[in-house]
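Colleague: Structure file my_file-v3.txt (compact mmCIF, C-alpha atoms) right here:
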# COMPACT_ATOMS: atom_id res chain seq x y z
CA MET A 1 93.20 224.55 133.60
CA ALA A 2 94.23 222.48 130.54
CA VAL A 3 96.37 220.20 132.72
CA TRP A 4 93.47 219.59 135.11
CA LEU A 5 91.16 218.52 132.26
CA LEU A 6 93.78 216.13 130.91
CA VAL A 7 94.19 214.47 134.31
CA CYS A 8 90.42 214.06 134.68
CA SER A 9 90.12 212.55 131.22
CA THR A 10 92.88 210.06 131.88
CA ALA A 11 91.24 208.94 135.12
CA ALA A 12 87.94 208.40 133.31
CA ILE A 13 89.59 206.22 130.64
CA ARG A 14 90.67 203.53 133.09
CA ALA A 15 87.94 201.57 134.86
CA GLN A 16 88.48 198.85 137.45
CA THR A 17 86.24 195.88 136.79
CA THR A 18 85.50 193.22 139.37
CA SER A 19 83.68 190.72 137.19
CA ALA A 20 83.95 189.10 133.80
CA THR A 21 81.62 187.81 131.12
CA VAL A 22 82.04 184.41 129.51
CA VAL A 23 80.77 184.15 125.92
CA GLY A 24 80.95 181.28 123.47
CA THR A 25 79.31 179.03 120.94
CA LEU A 26 78.26 175.45 121.61
CA THR A 27 78.96 173.11 118.67
CA ASP A 28 78.96 169.38 118.04
CA SER A 29 81.95 167.41 116.74
CA SER A 30 81.11 168.34 113.13
CA GLY A 31 81.03 172.06 113.97
CA ALA A 32 77.25 172.41 113.77
CA ARG A 33 75.90 174.92 116.26
CA ILE A 34 73.67 173.56 119.03
CA ALA A 35 70.61 175.64 119.93
CA GLY A 36 68.94 175.01 123.29
CA GLY A 37 71.99 173.50 124.97
CA THR A 38 72.70 174.16 128.63
CA VAL A 39 75.91 175.80 129.84
CA SER A 40 76.53 175.58 133.60
CA ILE A 41 79.43 177.42 135.22
CA LYS A 42 80.22 176.44 138.82
CA ASN A 43 82.52 178.46 141.09
CA LEU A 44 84.71 175.78 142.68
CA ALA A 45 85.40 177.83 145.84
CA THR A 46 81.81 178.81 146.64
CA GLY A 47 79.82 176.07 144.90
CA ILE A 48 77.61 178.71 143.27
CA ASP A 49 76.34 177.52 139.89
CA ARG A 50 75.18 179.81 137.07
CA SER A 51 73.41 178.36 134.04
CA THR A 52 72.18 179.62 130.70
CA THR A 53 70.73 178.18 127.51
CA THR A 54 72.27 178.64 124.07
CA ASP A 55 70.29 180.76 121.62
CA THR A 56 69.19 179.77 118.10
CA ASN A 57 72.79 180.27 116.89
CA GLY A 58 74.27 178.11 119.66
CA GLU A 59 75.69 181.18 121.38
CA TYR A 60 75.69 181.86 125.12
CA VAL A 61 76.61 184.66 127.53
CA VAL A 62 77.23 184.36 131.28
CA PRO A 63 77.88 187.83 132.76
CA ASP A 64 79.08 189.09 136.15
CA LEU A 65 81.40 186.27 137.19
CA PRO A 66 84.06 187.06 139.81
CA ALA A 67 87.66 185.95 139.31
CA ALA A 68 87.89 182.35 140.51
CA HIS A 69 88.35 178.75 139.41
CA TYR A 70 85.33 177.27 137.63
CA SER A 71 84.00 174.03 136.26
CA VAL A 72 82.03 174.40 133.02
CA THR A 73 79.51 171.77 131.90
CA PHE A 74 77.90 171.72 128.46
CA SER A 75 74.84 169.51 128.06
CA MET A 76 72.05 168.81 125.59
CA ALA A 77 69.50 166.03 125.25
CA GLY A 78 70.91 163.31 123.00
CA PHE A 79 74.52 164.27 123.71
CA ARG A 80 76.95 163.20 126.40
CA PRO A 81 77.74 166.10 128.79
CA PHE A 82 81.14 167.70 128.28
CA VAL A 83 82.94 169.05 131.36
CA MET A 84 85.87 171.45 131.48
CA SER A 85 87.44 171.29 134.95
CA ASP A 86 89.33 173.92 136.92
CA ILE A 87 89.14 176.81 134.45
CA GLU A 88 90.72 179.94 135.94
CA LEU A 89 88.83 183.13 135.17
CA LEU A 90 90.87 186.29 135.61
CA VAL A 91 89.52 189.83 135.79
CA ALA A 92 91.70 192.63 134.51
CA GLN A 93 91.58 196.37 134.31
CA ARG A 94 89.75 197.54 131.19
CA ALA A 95 90.63 200.58 129.16
CA THR A 96 87.85 202.34 127.28
CA LEU A 97 88.56 205.15 124.91
If you took the structure in this file and wrote it as structure tokens, what would it be?
Modeller:
Amino acid sequence: MAVWLLVCSTAAIRAQTTSATVVGTLTDSSGARIAGGTVSIKNLATGIDRSTTTDTNGEYVVPDLPAAHYSVTFSMAGFRPFVMSDIELLVAQRATL
């Protein structure tokens, strides 16, 4: 019985994830955080675009993205858009204890 419980616990510790979350902070060249900026993440294979707006601390979260190659565009009125091309997002197995 003790062995069976150990095996069940070990199986519950490992979880296969199929998506990832991108988090970050949008700042200007001086390091000041930019609230209200737009972050757009485009899947290069499917063309699907997900966007969010930075919060009052310049932070953003884009959840549930599948592993793929992406283009990320940061934009804000009064600033030139900044584009990061062909960013590879990998999804790995997560261990929770």
Colleague: Go through A:Thr54, A:Ala67, A:Thr46, A:Arg80 and flag the residue nearest Ser29 in chain A, using all atoms listed in the file for the distances.
Modeller: A:Arg80
Colleague: Give me the residues within 7 Å of His69 in chain A as a list in words, counting only C-alpha atoms and dropping any in the same chain fewer than 5 places off.
Modeller: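 Those residues are Asn43, Leu44, Asp86, Ile87, Glu88 and Leu89 of chain A.
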Colleague: When you draw a straight line from CA of Gly36 in chain A to CA of Val61 in chain A, how long is it in Å?
Modeller: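 Atom-to-atom, CA of Gly36 in chain A to CA of Val61 in chain A, that is 13.0 Å.
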Colleague: For Asp55 in chain A, which residue among A:Leu26, A:Met76, A:Val83, A:Ile41 is the nearest when counting only C-alpha atoms?
Modeller: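 Checking each of A:Leu26, A:Met76, A:Val83, A:Ile41 against Asp55 in chain A, counting only C-alpha atoms, the winner is A:Leu26.
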Colleague: Name all residues at most 8 Å from Thr73 in chain A (count only C-alpha atoms; drop same-chain ones fewer than 3 positions away) and give them as a PyMOL selection string.
Modeller: chain A and resi 38-41+81-84
Colleague: Show me, as a list in words, the residues that have an atom within 8 Å of Val62 in chain A when counting all atoms listed in the file, minus same-chain residues fewer than 6 positions from it.
Modeller: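 What passes the distance filter is Thr21, Val22, Val23, Arg50, Ser51 and Thr52 of chain A.
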Colleague: May I have the selected residues written with C-alpha atoms, as a PDB file, keeping the file's coordinate frame?
Modeller:
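Contents of out_17.pdb, as written:
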ATOM      1  CA  THR A  21      81.620 187.810 131.120  1.00  0.00           C
ATOM      2  CA  VAL A  22      82.040 184.410 129.510  1.00  0.00           C
ATOM      3  CA  VAL A  23      80.770 184.150 125.920  1.00  0.00           C
ATOM      4  CA  ARG A  50      75.180 179.810 137.070  1.00  0.00           C
ATOM      5  CA  SER A  51      73.410 178.360 134.040  1.00  0.00           C
ATOM      6  CA  THR A  52      72.180 179.620 130.700  1.00  0.00           C
TER       7      THR A  52
END
Colleague: How many Å separate CA of Ala20 in chain A from CA of Pro63 in chain A?
Modeller: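 It comes out at 6.3 Å.
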Colleague: Tell me which protein, DNA and RNA residues are within 10 Å of Ala45 in chain A, counting all atoms listed in the file, leaving out same-chain ones fewer than 2 positions away, and put them as a JSON list (two decimals) with C-alpha atoms, keeping the file's coordinate frame.
Modeller:
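Written file, result.json:
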[["chain", "number", "residue", "atom", "x", "y", "z"],
["A", 42, "LYS", "CA", 80.22, 176.44, 138.82],
["A", 43, "ASN", "CA", 82.52, 178.46, 141.09],
["A", 47, "GLY", "CA", 79.82, 176.07, 144.90],
["A", 48, "ILE", "CA", 77.61, 178.71, 143.27],
["A", 68, "ALA", "CA", 87.89, 182.35, 140.51],
["A", 69, "HIS", "CA", 88.35, 178.75, 139.41],
["A", 70, "TYR", "CA", 85.33, 177.27, 137.63]]
Colleague: Check the smallest atom-to-atom distance from each of A:Ala92, A:Ser85, A:Ser71, A:Thr25 to Asp49 in chain A using all atoms listed in the file, then report the winner.
Modeller: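 When distances to Asp49 in chain A are compared using all atoms listed in the file, the smallest one comes from A:Ser71.
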